[in-house]
file coords01.cif (mmCIF, C-alpha atoms)
data_model
loop_
_atom_site.label_atom_id
_atom_site.label_comp_id
_atom_site.auth_asym_id
_atom_site.auth_seq_id
_atom_site.Cartn_x
_atom_site.Cartn_y
_atom_site.Cartn_z
CA MET A 1 37.40 40.22 195.01
CA VAL A 2 38.58 37.44 197.38
CA ALA A 3 41.59 35.52 196.13
CA THR A 4 41.46 31.74 196.00
CA PRO A 5 44.61 30.09 197.39
CA VAL A 6 46.69 27.96 195.04
CA PRO A 7 48.95 25.09 196.11
CA HIS A 8 52.55 25.85 197.07
CA GLY A 9 54.76 25.57 194.00
CA ALA A 10 51.88 25.64 191.52
CA PRO A 11 53.31 26.01 188.00
CA VAL A 12 51.98 29.49 187.22
CA GLN A 13 53.97 31.08 184.40
CA PHE A 14 54.41 34.79 185.02
CA GLY A 15 57.40 35.37 182.73
CA GLN A 16 59.09 34.10 179.61
CA HIS A 17 60.13 30.69 180.94
CA PRO A 18 57.76 27.76 181.44
CA PRO A 19 58.12 25.65 184.59
CA ALA A 20 61.25 23.51 184.94
CA ARG A 21 61.13 20.15 183.21
CA ARG A 22 62.95 18.37 186.05
CA THR A 23 64.08 19.30 189.56
CA LEU A 24 66.87 17.84 191.70
CA LEU A 25 67.70 18.29 195.37
CA HIS A 26 71.49 18.48 195.72
CA ILE A 27 72.98 17.85 199.18
CA SER A 28 76.61 17.25 200.06
CA ASP A 29 79.15 16.32 202.72
CA THR A 30 77.08 14.98 205.59
CA HIS A 31 80.14 13.39 207.32
CA LEU A 32 78.17 11.22 209.75
CA LEU A 33 80.00 9.31 212.49
CA ALA A 34 79.02 6.09 214.24
CA GLY A 35 77.38 6.95 217.54
CA ASN A 36 77.33 10.63 216.53
CA PRO A 37 80.25 12.04 218.53
CA PRO A 38 80.98 15.69 217.66
CA LEU A 39 82.98 15.83 214.44
CA GLY A 40 86.33 17.40 215.29
CA GLY A 41 84.98 17.93 218.78
CA ARG A 42 82.75 20.70 217.41
CA TYR A 43 80.01 19.68 214.98
CA ASP A 44 76.82 17.65 215.52
CA THR A 45 76.63 16.22 212.02
CA ALA A 46 73.46 14.20 212.62
CA ALA A 47 71.56 17.20 214.00
CA ASN A 48 72.80 19.39 211.14
CA LEU A 49 71.64 16.79 208.62
CA ARG A 50 68.19 16.65 210.24
CA ARG A 51 67.95 20.44 210.02
CA ALA A 52 68.90 20.37 206.35
CA LEU A 53 66.38 17.67 205.48
CA ALA A 54 63.64 19.48 207.39
CA ALA A 55 64.44 22.70 205.56
CA ALA A 56 64.40 20.93 202.20
CA GLU A 57 61.06 19.31 202.93
CA ALA A 58 59.61 22.64 204.07
CA THR A 59 60.19 24.07 200.58
CA GLY A 60 57.40 21.82 199.30
CA ILE A 61 59.66 20.58 196.52
CA ARG A 62 58.94 17.19 194.98
CA PRO A 63 62.23 16.51 193.21
CA ASP A 64 62.90 13.93 190.55
CA ALA A 65 65.92 12.77 192.57
CA VAL A 66 67.81 13.56 195.77
CA VAL A 67 71.55 13.63 195.05
CA PHE A 68 74.19 13.37 197.79
CA THR A 69 77.61 14.25 196.35
CA GLY A 70 79.88 12.39 198.70
CA ASP A 71 81.59 12.35 202.08
CA LEU A 72 78.44 10.67 203.32
CA THR A 73 80.33 9.53 206.41
CA ASP A 74 83.54 10.82 207.94
CA LEU A 75 85.31 7.50 208.57
CA GLY A 76 83.41 5.05 206.38
CA GLU A 77 81.91 3.23 209.37
CA PRO A 78 79.06 0.80 208.62
CA GLU A 79 77.01 2.14 211.54
CA ALA A 80 77.31 5.68 210.18
CA TYR A 81 76.00 4.57 206.77
CA ARG A 82 73.07 2.84 208.44
CA ALA A 83 72.27 6.00 210.41
CA LEU A 84 72.41 8.02 207.19
CA ARG A 85 70.09 5.61 205.44
CA ASP A 86 67.66 5.66 208.38
CA ALA A 87 67.53 9.46 208.22
CA VAL A 88 67.30 9.89 204.45
CA GLU A 89 65.15 7.06 203.13
CA PRO A 90 61.92 8.05 204.95
CA PHE A 91 62.52 11.65 203.86
CA ALA A 92 63.00 10.63 200.23
CA GLU A 93 59.96 8.35 200.37
CA ARG A 94 57.80 11.25 201.55
CA LEU A 95 59.10 13.30 198.61
CA GLY A 96 58.59 10.39 196.21
CA ALA A 97 62.14 10.62 194.92
CA PRO A 98 65.01 8.16 194.41
CA VAL A 99 68.24 8.75 196.31
CA VAL A 100 71.53 8.93 194.42
CA TRP A 101 74.53 8.20 196.66
CA VAL A 102 77.90 9.48 195.38
CA ALA A 103 81.14 8.38 197.03
CA GLY A 104 83.49 10.95 198.56
CA ASN A 105 87.08 10.77 199.77
CA HIS A 106 85.99 10.19 203.39
CA ASP A 107 83.84 7.24 202.33
CA GLU A 108 84.89 3.60 202.11
CA ARG A 109 83.55 1.80 199.06
CA PRO A 110 82.91 -1.65 200.62
CA ALA A 111 80.84 -0.31 203.54
CA LEU A 112 79.02 2.20 201.34
CA ARG A 113 78.11 -0.46 198.79
CA ARG A 114 76.87 -2.89 201.45
CA GLU A 115 74.99 -0.49 203.74
CA LEU A 116 73.50 1.97 201.21
CA LEU A 117 73.26 -0.02 197.99
CA ASP A 118 72.68 -3.56 199.31
CA ALA A 119 75.54 -4.56 197.02
CA ALA A 120 78.64 -6.68 197.41
CA PRO A 121 81.19 -4.94 199.69
CA THR A 122 83.91 -4.54 197.08
CA GLU A 123 86.36 -1.81 196.12
CA GLU A 124 84.62 -1.36 192.77
CA PRO A 125 83.83 2.29 191.97
CA VAL A 126 80.37 3.44 193.04
CA THR A 127 78.80 4.51 189.75
CA GLY A 128 75.34 4.46 188.25
CA VAL A 129 72.95 5.83 185.66
CA TRP A 130 69.41 7.07 186.34
CA ASP A 131 66.82 7.90 183.69
CA LEU A 132 64.69 10.64 185.23
CA ASP A 133 62.00 10.59 182.55
CA GLY A 134 64.39 11.72 179.84
CA LEU A 135 66.99 13.48 181.99
CA ARG A 136 70.03 11.25 182.44
CA LEU A 137 71.87 11.46 185.76
CA VAL A 138 75.27 9.77 185.94
CA ALA A 139 77.10 9.20 189.25
CA LEU A 140 80.87 9.04 189.00
CA ASP A 141 83.30 7.83 191.66
CA SER A 142 86.25 10.22 191.91
CA THR A 143 87.60 8.63 195.09
CA VAL A 144 91.03 7.00 195.33
CA PRO A 145 91.11 4.28 198.03
CA GLY A 146 93.52 5.26 200.77
CA TRP A 147 93.81 8.89 199.63
CA HIS A 148 91.85 12.15 199.85
CA HIS A 149 92.61 13.58 196.39
CA GLY A 150 90.41 12.61 193.45
CA ASP A 151 90.93 10.81 190.17
CA LEU A 152 88.98 8.93 187.50
CA ASP A 153 90.73 5.86 186.17
CA THR A 154 90.78 4.78 182.54
CA ALA A 155 88.14 2.08 182.98
CA GLN A 156 85.64 4.51 184.51
CA LEU A 157 86.29 7.11 181.82
CA GLU A 158 85.75 4.53 179.09
CA TRP A 159 82.52 3.46 180.80
CA LEU A 160 81.40 7.10 180.85
CA ARG A 161 82.30 7.48 177.19
CA ASP A 162 80.06 4.52 176.33
CA VAL A 163 77.19 5.93 178.42
CA LEU A 164 77.41 9.31 176.71
CA ALA A 165 77.63 7.83 173.22
CA THR A 166 73.82 7.99 172.97
CA PRO A 167 72.29 11.38 173.86
CA ALA A 168 69.41 11.53 176.34
CA PRO A 169 66.19 13.41 175.48
CA LEU A 170 66.80 16.10 178.14
CA GLY A 171 70.57 15.78 178.30
CA THR A 172 72.90 14.50 181.01
CA ILE A 173 73.96 15.73 184.43
CA LEU A 174 77.09 14.29 186.06
CA ALA A 175 77.33 13.96 189.85
CA MET A 176 80.73 13.50 191.49
CA HIS A 177 82.52 14.45 194.68
CA HIS A 178 85.71 16.27 193.61
CA PRO A 179 84.81 19.30 191.48
CA PRO A 180 86.84 19.85 188.29
CA LEU A 181 87.42 23.48 189.30
CA PRO A 182 90.21 25.49 190.89
CA SER A 183 89.72 26.79 194.41
CA HIS A 184 90.72 30.23 195.54
CA ILE A 185 91.96 28.51 198.71
CA PRO A 186 95.31 27.31 197.27
CA PHE A 187 96.01 24.49 199.71
CA PHE A 188 92.65 22.91 198.86
CA ASP A 189 94.03 22.15 195.41
CA ILE A 190 96.33 19.52 196.92
CA LEU A 191 93.17 17.40 197.18
CA GLU A 192 91.79 18.32 193.76
CA LEU A 193 90.57 16.02 190.99
CA ARG A 194 93.75 15.02 189.17
CA ASP A 195 94.22 14.73 185.39
CA GLN A 196 91.11 16.76 184.66
CA GLY A 197 91.96 16.97 181.00
CA ARG A 198 91.05 13.31 180.54
CA LEU A 199 87.52 13.97 181.80
CA ALA A 200 87.25 17.04 179.59
CA GLU A 201 88.14 14.97 176.55
CA VAL A 202 85.43 12.41 177.35
CA ILE A 203 82.60 14.91 177.81
CA ALA A 204 83.57 17.19 174.90
CA GLY A 205 80.80 17.28 172.31
CA THR A 206 78.39 15.20 174.40
CA ASP A 207 75.02 16.10 175.91
CA VAL A 208 76.46 16.79 179.40
CA ARG A 209 74.71 19.97 180.58
CA ALA A 210 75.89 20.29 184.18
CA ILE A 211 78.20 18.80 186.79
CA LEU A 212 77.19 18.57 190.47
CA ALA A 213 79.94 18.24 193.08
CA GLY A 214 80.84 18.78 196.72
CA HIS A 215 84.12 18.34 198.65
CA LEU A 216 84.94 22.01 199.29
CA HIS A 217 82.43 22.70 202.09
CA PHE A 218 81.46 25.98 200.47
CA SER A 219 79.21 26.81 197.53
CA THR A 220 80.94 27.83 194.34
CA SER A 221 80.47 27.51 190.60
CA GLY A 222 82.39 27.70 187.36
CA THR A 223 82.73 26.02 183.99
CA PHE A 224 84.69 22.96 182.96
CA ALA A 225 85.18 22.09 179.30
CA GLY A 226 82.31 24.48 178.60
CA VAL A 227 80.00 22.72 181.09
CA PRO A 228 78.63 24.57 184.15
CA VAL A 229 79.83 23.12 187.48
CA SER A 230 77.89 23.70 190.70
CA VAL A 231 79.43 22.84 194.08
CA ALA A 232 77.10 22.45 197.04
CA ALA A 233 78.30 23.39 200.51
CA ALA A 234 78.18 20.86 203.33
CA THR A 235 75.44 20.05 205.82
CA CYS A 236 77.99 19.17 208.55
CA TYR A 237 80.01 22.40 208.63
CA THR A 238 81.18 24.97 206.11
CA MET A 239 84.37 26.90 205.47
CA ASN A 240 84.56 30.46 206.75
CA LEU A 241 85.64 32.32 203.62
CA ALA A 242 85.50 35.71 205.35
CA ARG A 243 89.17 35.26 206.21
CA PRO A 244 92.51 35.34 204.41
CA ALA A 245 92.98 32.21 202.31
CA ASP A 246 95.63 30.72 204.61
CA LEU A 247 93.35 31.17 207.65
CA VAL A 248 90.22 29.58 206.19
CA ASN A 249 88.80 26.96 208.58
CA GLY A 250 85.49 25.30 209.38
CA MET A 251 82.53 26.90 211.16
CA ASP A 252 79.18 25.63 212.38
CA ALA A 253 77.25 28.06 210.18
CA GLY A 254 76.40 28.68 206.55
CA GLN A 255 75.04 25.19 205.87
CA SER A 256 72.93 24.95 202.73
CA PHE A 257 71.66 22.73 199.94
CA HIS A 258 70.89 23.37 196.27
CA LEU A 259 67.68 23.25 194.28
CA VAL A 260 68.53 22.33 190.68
CA HIS A 261 65.92 23.26 188.09
CA VAL A 262 66.31 21.83 184.60
CA TYR A 263 64.76 23.81 181.74
CA ASP A 264 64.92 23.17 178.02
CA ASP A 265 67.63 25.77 177.47
CA THR A 266 69.29 26.24 180.87
CA ILE A 267 69.82 24.75 184.33
CA THR A 268 69.71 26.84 187.51
CA HIS A 269 71.27 26.04 190.89
CA ALA A 270 69.69 27.88 193.82
CA VAL A 271 71.60 27.92 197.12
CA VAL A 272 69.13 27.46 199.99
CA PRO A 273 70.51 28.40 203.42
CA VAL A 274 69.63 26.24 206.40
CA VAL A 275 69.06 28.97 208.96
CA GLU A 276 66.50 29.98 211.52
CA ALA A 277 65.57 33.59 210.84
CA SER A 278 62.43 35.67 210.98
CA THR A 279 60.84 36.05 207.57
CA ALA A 280 58.52 38.73 206.20
CA ASP A 281 55.01 37.75 205.16
CA PHE A 282 54.28 40.01 202.17
CA PHE A 283 54.07 37.20 199.61
CA SER A 284 51.61 34.36 200.16
CA PRO A 285 49.59 31.75 198.24
CA GLU A 286 46.72 34.23 198.25
CA TRP A 287 48.91 36.94 196.73
CA VAL A 288 50.13 34.54 194.03
CA ALA A 289 46.56 33.45 193.27
CA HIS A 290 45.54 37.10 192.92
CA MET A 291 48.36 37.80 190.48
CA ALA A 292 47.53 34.66 188.52
CA ARG A 293 44.04 36.02 187.81
CA LEU A 294 45.37 39.26 186.31
CA THR A 295 46.42 39.83 182.73
CA PRO A 296 50.14 40.27 182.03
CA GLU A 297 49.57 44.01 181.61
CA GLN A 298 47.70 44.23 184.93
CA ARG A 299 50.49 42.35 186.69
CA LEU A 300 53.06 44.83 185.42
CA GLU A 301 50.89 47.73 186.47
CA GLU A 302 50.33 46.34 189.97
CA PHE A 303 53.75 44.88 190.72
CA SER A 304 56.29 46.49 188.38
CA ARG A 305 55.32 50.15 188.15
CA LYS A 306 57.21 52.38 190.59
CA ARG A 307 54.95 54.43 192.82
CA SER A 308 55.84 58.02 193.57
#
call {"tool": "encode", "arguments": {"input": "coords01.cif", "output": "C-alpha cells"}}
result
Amino acid sequence: MVATPVPHGAPVQFGQHPPARRTLLHISDTHLLAGNPPLGGRYDTAANLRRALAAAEATGIRPDAVVFTGDLTDLGEPEAYRALRDAVEPFAERLGAPVVWVAGNHDERPALRRELLDAAPTEEPVTGVWDLDGLRLVALDSTVPGWHHGDLDTAQLEWLRDVLATPAPLGTILAMHHPPLPSHIPFFDILELRDQGRLAEVIAGTDVRAILAGHLHFSTSGTFAGVPVSVAAATCYTMNLARPADLVNGMDAGQSFHLVHVYDDTITHAVVPVVEASTADFFSPEWVAHMARLTPEQRLEEFSRKRS
C-alpha cells in the first residue's frame, strides 16, 4: 500500500495527549548593535538572529505568539531596534503571529517604546497583556533604568495583581527578562531579580501556569512559588557551562530557541538548537501517514515491539 503524505505538523494523535491547545515561540537575548559591529569583538549578532529565525521557520510551526524575553539590543540604540524590527516583523507576518517584546537590562525603555511599540518614548515600564484565544500572556518589565540587576516595583506588582484577579480560560503565562531562579554560576546572582518574594506573593493562588525568561544566556528551568520557570538561551552567544563556575564565559555556539506547547494539564518547553548538522532521514511525512492509517495495536506491533 502506498502511503499518502500528510502536512508537516498535522495533529495526528498517537498517544494519550491530544494536540497542544496553544503554541509559543520563545526567543531571547538578541543583543543587536547599530551598524552590526561584532559584539565584544567576537559575535555577529545580526547573522546569529537570522540563523535562529530561519531555523524557527523551518520547523513549520505556526505559533500563537512570538515572545522575545529581553536584551533585544545591547546598548539600547534606536538604529538597533529598527534593525530588529526589520528582521522580525516579516518573519512573524509569515507565521501569522503577534510579536511580544519584553525589555531586558541592556535595553533602554524610551527607544524600545518608540522604535518597537510606536509609543511615547518614556521611562514607563514596558508591560502588556495578550489574549491568545483564551491563553493570557502577560509581559512584565523587570529592568531597572541605569542598572543590570532586575526588580519589579510596587506599582507594577499591583498592576499584575489586578490582571490576575480574573482567571483566563487557559490560564496565564508570564514573560520577563530576569528569571526568578538561582543560577549555579554564583556571580550571575549579583544581577538577579531582587525581592523575589514580592512576586511570589502576587502570583500565589492565581492561574499563572508558567514563567518565560532569558538573561542567563543558557537554557535552564526550575520552579518559583510552585510555577515552572523556563529560561531560553540567547541567539547572540551562549555561556560555555562545560567549565568551572568561575571560568564560565561566552562562546559563539549553543544558540537555541524554545517551542512552548500549552496543553490542558501541562506546558512543555522544547529547546531547539540552531546548528548545521547532517540529519538522518528515517522519519518522514510518508512514514507518519503510514502510521496514522494503522490501528493503535498495529502501531505498537510495528514500532514498539523489539525485534530479535
call {"tool": "resolve_selection", "arguments": {"input": "coords01.cif", "expression": "the PyMOL selection byres ((chain A and resi 81) around 12)", "output": "PDB file with C-alpha atoms, in the frame of the given file"}}
result
ATOM      1  CA  THR A  30      77.080  14.980 205.590  1.00  0.00           C
ATOM      2  CA  HIS A  31      80.140  13.390 207.320  1.00  0.00           C
ATOM      3  CA  LEU A  32      78.170  11.220 209.750  1.00  0.00           C
ATOM      4  CA  LEU A  33      80.000   9.310 212.490  1.00  0.00           C
ATOM      5  CA  ALA A  34      79.020   6.090 214.240  1.00  0.00           C
ATOM      6  CA  GLY A  35      77.380   6.950 217.540  1.00  0.00           C
ATOM      7  CA  ASN A  36      77.330  10.630 216.530  1.00  0.00           C
ATOM      8  CA  ALA A  46      73.460  14.200 212.620  1.00  0.00           C
ATOM      9  CA  GLY A  70      79.880  12.390 198.700  1.00  0.00           C
ATOM     10  CA  ASP A  71      81.590  12.350 202.080  1.00  0.00           C
ATOM     11  CA  LEU A  72      78.440  10.670 203.320  1.00  0.00           C
ATOM     12  CA  THR A  73      80.330   9.530 206.410  1.00  0.00           C
ATOM     13  CA  ASP A  74      83.540  10.820 207.940  1.00  0.00           C
ATOM     14  CA  LEU A  75      85.310   7.500 208.570  1.00  0.00           C
ATOM     15  CA  GLY A  76      83.410   5.050 206.380  1.00  0.00           C
ATOM     16  CA  GLU A  77      81.910   3.230 209.370  1.00  0.00           C
ATOM     17  CA  PRO A  78      79.060   0.800 208.620  1.00  0.00           C
ATOM     18  CA  GLU A  79      77.010   2.140 211.540  1.00  0.00           C
ATOM     19  CA  ALA A  80      77.310   5.680 210.180  1.00  0.00           C
ATOM     20  CA  ARG A  82      73.070   2.840 208.440  1.00  0.00           C
ATOM     21  CA  ALA A  83      72.270   6.000 210.410  1.00  0.00           C
ATOM     22  CA  LEU A  84      72.410   8.020 207.190  1.00  0.00           C
ATOM     23  CA  ARG A  85      70.090   5.610 205.440  1.00  0.00           C
ATOM     24  CA  ASP A  86      67.660   5.660 208.380  1.00  0.00           C
ATOM     25  CA  ALA A  87      67.530   9.460 208.220  1.00  0.00           C
ATOM     26  CA  VAL A  88      67.300   9.890 204.450  1.00  0.00           C
ATOM     27  CA  GLU A  89      65.150   7.060 203.130  1.00  0.00           C
ATOM     28  CA  TRP A 101      74.530   8.200 196.660  1.00  0.00           C
ATOM     29  CA  ALA A 103      81.140   8.380 197.030  1.00  0.00           C
ATOM     30  CA  HIS A 106      85.990  10.190 203.390  1.00  0.00           C
ATOM     31  CA  ASP A 107      83.840   7.240 202.330  1.00  0.00           C
ATOM     32  CA  GLU A 108      84.890   3.600 202.110  1.00  0.00           C
ATOM     33  CA  ARG A 109      83.550   1.800 199.060  1.00  0.00           C
ATOM     34  CA  PRO A 110      82.910  -1.650 200.620  1.00  0.00           C
ATOM     35  CA  ALA A 111      80.840  -0.310 203.540  1.00  0.00           C
ATOM     36  CA  LEU A 112      79.020   2.200 201.340  1.00  0.00           C
ATOM     37  CA  ARG A 113      78.110  -0.460 198.790  1.00  0.00           C
ATOM     38  CA  ARG A 114      76.870  -2.890 201.450  1.00  0.00           C
ATOM     39  CA  GLU A 115      74.990  -0.490 203.740  1.00  0.00           C
ATOM     40  CA  LEU A 116      73.500   1.970 201.210  1.00  0.00           C
ATOM     41  CA  LEU A 117      73.260  -0.020 197.990  1.00  0.00           C
ATOM     42  CA  ASP A 118      72.680  -3.560 199.310  1.00  0.00           C
TER      43      ASP A 118
END
call {"tool": "residues_around", "arguments": {"input": "coords01.cif", "residues": "Asp195 in chain A", "least_positions_apart": "6", "cutoff": "12 Å", "atoms": "all atoms listed in the file", "output": "list in words"}}
result
Ser142, His149, Gly150, Asp151, Leu152, Asp153, Thr154, Leu157, His178, Pro180, Leu181 and Glu201 of chain A
call {"tool": "closest_residue", "arguments": {"input": "coords01.cif", "among": "A:Ser256, A:Asn249, A:Ser221, A:Thr166", "to": "Phe188 in chain A", "atoms": "only C-alpha atoms"}}
result
A:Asn249
call {"tool": "residues_around", "arguments": {"input": "coords01.cif", "residues": "Thr268 in chain A", "least_positions_apart": "4", "cutoff": "10 Å", "atoms": "all atoms listed in the file", "output": "list in words"}}
result
Ala20, Thr23, Ala210, Pro228, Ser230, His258, Leu259, Val260, His261, Val262 and Tyr263 of chain A
call {"tool": "closest_residue", "arguments": {"input": "coords01.cif", "among": "A:Phe187, A:Phe303, A:Phe218, A:Phe224", "to": "Ile203 in chain A", "atoms": "all atoms listed in the file"}}
result
A:Phe224
call {"tool": "closest_residue", "arguments": {"input": "coords01.cif", "among": "A:Met291, A:Leu199, A:Ala204, A:Met251", "to": "Ala155 in chain A", "atoms": "all atoms listed in the file"}}
result
A:Leu199
call {"tool": "resolve_selection", "arguments": {"input": "coords01.cif", "expression": "the PyMOL selection byres ((chain A and resi 168-172) around 9)", "output": "list in words"}}
result
Arg21, Asp131, Asp133, Gly134, Leu135, Arg136, Leu137, Val138, Leu164, Thr166, Pro167, Ile173, Leu174, Thr206, Asp207, Val208, Arg209, Ala210, Ile211, Val262, Tyr263 and Asp264 of chain A
call {"tool": "residues_around", "arguments": {"input": "coords01.cif", "residues": "Val275 in chain A", "least_positions_apart": "3", "cutoff": "12 Å", "atoms": "all atoms listed in the file", "output": "PyMOL selection string"}}
result
chain A and resi 48+51-52+54-56+235+252-257+272+278-279
call {"tool": "residues_around", "arguments": {"input": "coords01.cif", "residues": "Gly250 in chain A", "least_positions_apart": "4", "cutoff": "6 Å", "atoms": "all atoms listed in the file", "output": "JSON, numbers by chain"}}
result
{"A": [238, 239, 240]}
call {"tool": "atom_distance", "arguments": {"input": "coords01.cif", "atom1": "CA of Ala232 in chain A", "atom2": "CA of Ala213 in chain A"}}
result
6.4 Å
call {"tool": "atom_distance", "arguments": {"input": "coords01.cif", "atom1": "CA of Asp265 in chain A", "atom2": "CA of Leu24 in chain A"}}
result
16.3 Å
call {"tool": "atom_distance", "arguments": {"input": "coords01.cif", "atom1": "CA of Gly214 in chain A", "atom2": "CA of His177 in chain A"}}
result
5.1 Å
call {"tool": "closest_residue", "arguments": {"input": "coords01.cif", "among": "A:Leu216, A:Leu300, A:Ala175, A:Val67", "to": "Ile190 in chain A", "atoms": "all atoms listed in the file"}}
result
A:Leu216
call {"tool": "closest_residue", "arguments": {"input": "coords01.cif", "among": "A:Val102, A:Leu140, A:Leu25, A:Leu39", "to": "Gly60 in chain A", "atoms": "only C-alpha atoms"}}
result
A:Leu25
call {"tool": "axis_aligned_box", "arguments": {"input": "coords01.cif", "around": "range 263-266 of chain A", "padding_each_side": "5 Å", "output": "lines of an AutoDock Vina configuration file"}}
result
center_x = 67.0
center_y = 24.7
center_z = 179.6
size_x = 14.5
size_y = 13.1
size_z = 14.3
call {"tool": "closest_residue", "arguments": {"input": "coords01.cif", "among": "A:His290, A:Arg50, A:Arg62, A:His269", "to": "Glu93 in chain A", "atoms": "all atoms listed in the file"}}
result
A:Arg62
call {"tool": "decode", "arguments": {"input": "coords01.cif", "residues": "range 61-68 of chain A", "atoms": "all heavy atoms", "output": "mmCIF file, in the first residue's frame"}}
result
data_model
loop_
_atom_site.group_PDB
_atom_site.id
_atom_site.type_symbol
_atom_site.label_atom_id
_atom_site.label_comp_id
_atom_site.auth_asym_id
_atom_site.auth_seq_id
_atom_site.Cartn_x
_atom_site.Cartn_y
_atom_site.Cartn_z
ATOM 1 N N ILE A 61 6.318 25.540 12.351
ATOM 2 C CA ILE A 61 5.426 25.955 13.425
ATOM 3 C C ILE A 61 4.653 27.207 13.025
ATOM 4 O O ILE A 61 5.172 28.087 12.334
ATOM 5 C CB ILE A 61 6.227 26.216 14.719
ATOM 6 C CG1 ILE A 61 5.286 26.480 15.896
ATOM 7 C CG2 ILE A 61 7.189 27.372 14.555
ATOM 8 C CD1 ILE A 61 6.009 26.655 17.218
ATOM 9 N N ARG A 62 3.419 27.274 13.447
ATOM 10 C CA ARG A 62 2.594 28.468 13.298
ATOM 11 C C ARG A 62 2.137 28.867 14.697
ATOM 12 O O ARG A 62 1.060 28.515 15.144
ATOM 13 C CB ARG A 62 1.405 28.210 12.364
ATOM 14 C CG ARG A 62 1.803 27.963 10.922
ATOM 15 C CD ARG A 62 2.473 29.201 10.335
ATOM 16 N NE ARG A 62 2.899 29.025 8.943
ATOM 17 C CZ ARG A 62 4.110 28.668 8.561
ATOM 18 N NH1 ARG A 62 5.046 28.433 9.488
ATOM 19 N NH2 ARG A 62 4.428 28.537 7.300
ATOM 20 N N PRO A 63 2.991 29.593 15.413
ATOM 21 C CA PRO A 63 2.718 29.850 16.838
ATOM 22 C C PRO A 63 1.606 30.868 17.032
ATOM 23 O O PRO A 63 1.268 31.649 16.136
ATOM 24 C CB PRO A 63 4.052 30.395 17.340
ATOM 25 C CG PRO A 63 4.638 31.070 16.140
ATOM 26 C CD PRO A 63 4.240 30.219 14.965
ATOM 27 N N ASP A 64 1.075 30.865 18.230
ATOM 28 C CA ASP A 64 0.070 31.860 18.604
ATOM 29 C C ASP A 64 0.715 33.181 18.979
ATOM 30 O O ASP A 64 0.036 34.211 18.985
ATOM 31 C CB ASP A 64 -0.775 31.329 19.758
ATOM 32 C CG ASP A 64 -1.603 30.119 19.337
ATOM 33 O OD1 ASP A 64 -2.675 30.323 18.739
ATOM 34 O OD2 ASP A 64 -1.150 28.988 19.572
ATOM 35 N N ALA A 65 2.015 33.166 19.277
ATOM 36 C CA ALA A 65 2.759 34.395 19.532
ATOM 37 C C ALA A 65 4.244 34.074 19.467
ATOM 38 O O ALA A 65 4.668 32.945 19.717
ATOM 39 C CB ALA A 65 2.417 34.994 20.894
ATOM 40 N N VAL A 66 5.024 35.106 19.122
ATOM 41 C CA VAL A 66 6.485 35.027 19.163
ATOM 42 C C VAL A 66 6.925 35.933 20.295
ATOM 43 O O VAL A 66 6.666 37.142 20.267
ATOM 44 C CB VAL A 66 7.120 35.466 17.835
ATOM 45 C CG1 VAL A 66 8.637 35.339 17.907
ATOM 46 C CG2 VAL A 66 6.560 34.652 16.665
ATOM 47 N N VAL A 67 7.589 35.367 21.300
ATOM 48 C CA VAL A 67 7.928 36.093 22.518
ATOM 49 C C VAL A 67 9.441 36.262 22.601
ATOM 50 O O VAL A 67 10.186 35.276 22.612
ATOM 51 C CB VAL A 67 7.416 35.357 23.772
ATOM 52 C CG1 VAL A 67 7.671 36.190 25.026
ATOM 53 C CG2 VAL A 67 5.933 35.026 23.629
ATOM 54 N N PHE A 68 9.896 37.516 22.671
ATOM 55 C CA PHE A 68 11.312 37.838 22.850
ATOM 56 C C PHE A 68 11.516 38.335 24.282
ATOM 57 O O PHE A 68 11.033 39.423 24.628
ATOM 58 C CB PHE A 68 11.750 38.933 21.873
ATOM 59 C CG PHE A 68 11.917 38.463 20.453
ATOM 60 C CD1 PHE A 68 10.821 38.304 19.622
ATOM 61 C CD2 PHE A 68 13.181 38.192 19.945
ATOM 62 C CE1 PHE A 68 10.972 37.872 18.312
ATOM 63 C CE2 PHE A 68 13.350 37.766 18.637
ATOM 64 C CZ PHE A 68 12.243 37.610 17.814
#
